[in-house]
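J.: Pasting a structure here, questions to come.
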Amino acid sequence: MMLNAKKLKLSSKKSMVIVLTAISLMAVGLTAGTTVLNSVEPTIAQADTWDYTLIHVEFDKRNDDVSYKDLKFANINIKPGQTRTFSMPKFAGFTPLYKTIKITESKTGAGITSNLDHKWVFYSQVATSKKTTTKPKVDPVKYATKKLSKQVKLAPGHNFFSHVPGSKYSYKTTHYGNTYKGRTVKVNMSAKRPGTKTPYYRVVIGKKTIGWIYGGALVNVTTYKTVKKTATVIAKPTNNFYNHVTSSIYATKLTHYGKTYKNKKVTINMQGTRQGTKTPYYRCAVNGKNIGWIYGGALSNVR
């Protein structure tokens with residue numbers, strides 16, 4: 001929106017009328033006293049002194065709806081040969097290009113001029129900023145309190161972070177995973193990210209929080225003990241022999257197929273029980289030679 005002022009017209013005979021429209025000030029007439037801005041349309045009258053300056057203002061609302069308002073300065077005191085500075089009229093919601101206007105009365109008192117004669121004087125609408133409310137960032141991660149024991153794999157492949165990657169929080173590395181490889185640790189919280197099956201775990205050692213680590217770096221705790229037992233491989237085993245207990249801290253590889261030893265008697269020299277699994281794993285040997293670890297469900301007559 002812009003405020004326009006048209007050309008000023010001066011009348012002699014010690015009275016004057018200044019009309020502003022179309023955003024132009026052309027010779028402003030002023031007289032004795034203090035500047036008063038009156039939003040009521042004044043009556044233009046002849047007077048013995050220069051009492052009135054009428055400013056005719058056009059408000060352009062940018063939608064072809066144009067309204068007009070007459071504003072009056074009264075009793076502005078200025079002497080022959082004198083130059084005075086006045087503030088530009090104020091209009092709510094607008095700001096003028098020029099903040100002040102300098103008015104000069106000729107030395108003979110025959111007329112006045114201003115520093116804004118023949119200049120375009122714009123009033124521009126004050127920009128109003130829209131207040132935007134920032135919604136709190138929603139954390140897509142779902143958390144749950146836990147009380148677990150886990151072991152860090154010997155080759156974890158992941159590090160510990162201050163927060164879960166992909167959550168609403170920024171994060172940084174707190175510890176390298178390898179620093180705690182093979183260690184038994186406590187988990188006091190899990191975090192599940194959308195679209196993923198494996199959670200993150202918050203790990204604690206003693207009273208110290210180590211950080212969040214991807215669940216694939218941790219395994220359930222396996223406990224071992226030495227035993228002297230014998231058993232028989234069942235006729236149709238669905239499990240095989242491996243160099244370590246599967247899903248333990250160790251990387252595993254196949255040593256023998258279970259069916260290779262079907263119905264054969266084996267000796268057992270070590271037992272491994274994985275947390276969360278009732279049936280243990282057994283390390284088996286044939287003729288004094290270790291053939292690997294196998295899930296206990298593939299053996300019968302263990303004693």
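Residue numbering restarts at 1 in every chain; chains get A, B, ... in the order shown in the structure tokens, and ligands count up from 1 in that same order.
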Which neighbours of range 140-143 of chain A fall inside 8 Å, counting only C-alpha atoms, when residues of the same chain fewer than 5 positions from it are skipped, and could you give them as a list in words?

T.: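 Once the nearby chain positions are removed, what remains is Gly166, Ser167, Lys168, Met189, Ser190, Ala191, Lys192, Arg193 and Pro194 of chain A.
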
J.: Create the file for the chosen residues now, containing N, CA and C atoms and written as a PDB file, in the first residue's frame.

T.:
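Saved to selection_3.pdb:
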```
ATOM      1  N   GLY A 166      19.178 -40.726  13.801  1.00  0.00           N
ATOM      2  CA  GLY A 166      17.841 -40.745  13.228  1.00  0.00           C
ATOM      3  C   GLY A 166      16.768 -40.271  14.183  1.00  0.00           C
ATOM      4  N   SER A 167      17.161 -39.957  15.424  1.00  0.00           N
ATOM      5  CA  SER A 167      16.194 -39.403  16.381  1.00  0.00           C
ATOM      6  C   SER A 167      16.153 -37.888  16.216  1.00  0.00           C
ATOM      7  N   LYS A 168      15.383 -37.218  17.046  1.00  0.00           N
ATOM      8  CA  LYS A 168      15.282 -35.757  16.955  1.00  0.00           C
ATOM      9  C   LYS A 168      16.509 -35.057  17.538  1.00  0.00           C
ATOM     10  N   MET A 189      18.188 -49.298  28.339  1.00  0.00           N
ATOM     11  CA  MET A 189      17.134 -48.756  27.477  1.00  0.00           C
ATOM     12  C   MET A 189      17.334 -49.225  26.042  1.00  0.00           C
ATOM     13  N   SER A 190      16.217 -49.431  25.346  1.00  0.00           N
ATOM     14  CA  SER A 190      16.275 -49.753  23.919  1.00  0.00           C
ATOM     15  C   SER A 190      15.553 -48.666  23.139  1.00  0.00           C
ATOM     16  N   ALA A 191      15.878 -48.543  21.862  1.00  0.00           N
ATOM     17  CA  ALA A 191      15.262 -47.532  21.003  1.00  0.00           C
ATOM     18  C   ALA A 191      15.023 -48.143  19.633  1.00  0.00           C
ATOM     19  N   LYS A 192      13.786 -48.033  19.167  1.00  0.00           N
ATOM     20  CA  LYS A 192      13.411 -48.621  17.877  1.00  0.00           C
ATOM     21  C   LYS A 192      13.100 -47.507  16.892  1.00  0.00           C
ATOM     22  N   ARG A 193      13.846 -47.498  15.785  1.00  0.00           N
ATOM     23  CA  ARG A 193      13.601 -46.516  14.730  1.00  0.00           C
ATOM     24  C   ARG A 193      12.551 -47.053  13.765  1.00  0.00           C
ATOM     25  N   PRO A 194      11.738 -46.169  13.172  1.00  0.00           N
ATOM     26  CA  PRO A 194      10.713 -46.637  12.241  1.00  0.00           C
ATOM     27  C   PRO A 194      11.333 -47.359  11.046  1.00  0.00           C
TER      28      PRO A 194
END
```

J.: Between A:Lys107, A:Lys90, A:Lys153, A:His256, which is the closest to Phe241 in chain A once you count only C-alpha atoms?

T.: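 Checking each candidate against Phe241 in chain A, we get A:His256 as the closest.
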
J.: Would you mind telling me which residue in A:Asn188, A:Asn301, A:Thr279, A:Thr222 lies nearest to Ile234 in chain A when using only C-alpha atoms?

T.: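 Checking each of A:Asn188, A:Asn301, A:Thr279, A:Thr222 against Ile234 in chain A, counting only C-alpha atoms, the winner is A:Asn301.
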
J.: Interatomic distance between CA of Asn239 in chain A and CA of Gly258 in chain A?

T.: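 CA of Gly258 in chain A lies 5.7 Å from CA of Asn239 in chain A.
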
J.: Using DSSP on the backbone, list every residue of range 68-267 of chain A that comes out as strand (DSSP E), and give them as a PyMOL selection string.

T.: chain A and resi 68-74+83-87+94-96+100-105+112-114+119-120+123-125+142-152+160-161+173-175+184-192+200-205+208-214+218-220+222-233+241-242+254-256+265-267

J.: Which residues in range 117-238 of chain A does DSSP call helix (DSSP H, G or I)? List them as a PDB file with N, CA and C atoms, in the first residue's frame.

T.:
```pdb
ATOM      1  N   GLY A 177      33.401 -48.871  19.211  1.00  0.00           N
ATOM      2  CA  GLY A 177      32.913 -50.184  19.603  1.00  0.00           C
ATOM      3  C   GLY A 177      34.024 -51.131  19.979  1.00  0.00           C
ATOM      4  N   ASN A 178      35.141 -51.062  19.256  1.00  0.00           N
ATOM      5  CA  ASN A 178      36.268 -51.970  19.515  1.00  0.00           C
ATOM      6  C   ASN A 178      36.862 -51.807  20.909  1.00  0.00           C
ATOM      7  N   THR A 179      36.649 -50.633  21.504  1.00  0.00           N
ATOM      8  CA  THR A 179      37.189 -50.398  22.844  1.00  0.00           C
ATOM      9  C   THR A 179      36.588 -51.380  23.856  1.00  0.00           C
ATOM     10  N   TYR A 180      35.375 -51.811  23.597  1.00  0.00           N
ATOM     11  CA  TYR A 180      34.677 -52.678  24.549  1.00  0.00           C
ATOM     12  C   TYR A 180      34.398 -54.070  23.977  1.00  0.00           C
ATOM     13  N   GLY A 215      22.058 -52.573  17.781  1.00  0.00           N
ATOM     14  CA  GLY A 215      21.900 -53.884  18.399  1.00  0.00           C
ATOM     15  C   GLY A 215      22.689 -54.995  17.740  1.00  0.00           C
ATOM     16  N   GLY A 216      23.031 -54.836  16.462  1.00  0.00           N
ATOM     17  CA  GLY A 216      23.805 -55.858  15.766  1.00  0.00           C
ATOM     18  C   GLY A 216      25.210 -56.010  16.283  1.00  0.00           C
ATOM     19  N   ALA A 217      25.661 -55.050  17.100  1.00  0.00           N
ATOM     20  CA  ALA A 217      27.012 -55.123  17.679  1.00  0.00           C
ATOM     21  C   ALA A 217      27.022 -55.894  18.988  1.00  0.00           C
TER      22      ALA A 217
END
```

J.: Rank nothing, just name the residue among A:Pro237, A:Pro136, A:Pro89, A:Gly276 nearest to Ser300 in chain A, using only C-alpha atoms.

T.: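 For Ser300 in chain A, the nearest of the given residues is A:Pro237.
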
J.: If we count only C-alpha atoms, what is near Ala155 in chain A at a cut-off of 9 Å, once residues fewer than 3 positions away on the same chain are taken out, given as a compact mmCIF listing (two decimals) with C-alpha atoms, in the first residue's frame?

T.:
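For reference, out.txt as written:
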```txt
# COMPACT_ATOMS: atom_id res chain seq x y z
CA VAL A 152 29.95 -56.69 22.67
CA HIS A 158 29.56 -50.12 15.17
CA GLY A 177 32.91 -50.18 19.60
CA ASN A 178 36.27 -51.97 19.51
CA LYS A 181 34.89 -55.78 22.33
CA GLY A 182 34.22 -59.00 24.22
CA ALA A 217 27.01 -55.12 17.68
CA ILE A 249 30.76 -62.76 20.41
CA TYR A 250 32.73 -64.83 17.92
CA ALA A 251 32.42 -64.89 14.16
```

J.: Identify which of the residues A:Thr184, A:His175, A:Arg303, A:Met270 lies closest to Ser162 in chain A, counting only C-alpha atoms when measuring atom-to-atom distances.

T.: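 Closest to Ser162 in chain A of all the choices is A:His175.
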
J.: Here is a test: counting only C-alpha atoms, which residue of A:Arg84, A:Arg283, A:Lys289, A:Lys207 is nearest to Val185 in chain A?

T.: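 Using only C-alpha atoms, the shortest distance to Val185 in chain A belongs to A:Lys207.
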
J.: What's around Phe161 in chain A at 8 Å? Count only C-alpha atoms, leave out sequence neighbours fewer than 2 positions away in its own chain, and write the answer as a CSV table (one decimal) with C-alpha atoms, in the first residue's frame.

T.:
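What ended up in around.csv:
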```
chain,number,residue,atom,x,y,z
A,159,ASN,CA,30.4,-47.4,17.6
A,163,HIS,CA,22.0,-40.3,21.0
A,164,VAL,CA,20.2,-42.7,18.6
A,165,PRO,CA,21.1,-41.7,15.0
A,171,TYR,CA,24.5,-37.1,18.1
A,172,LYS,CA,28.3,-37.6,18.3
A,173,THR,CA,30.6,-40.6,18.8
A,174,THR,CA,31.2,-41.3,22.5
A,175,HIS,CA,33.4,-44.4,22.2
A,211,GLY,CA,26.3,-44.6,24.8
A,212,TRP,CA,23.9,-45.9,22.3
A,213,ILE,CA,25.0,-48.7,19.9
```
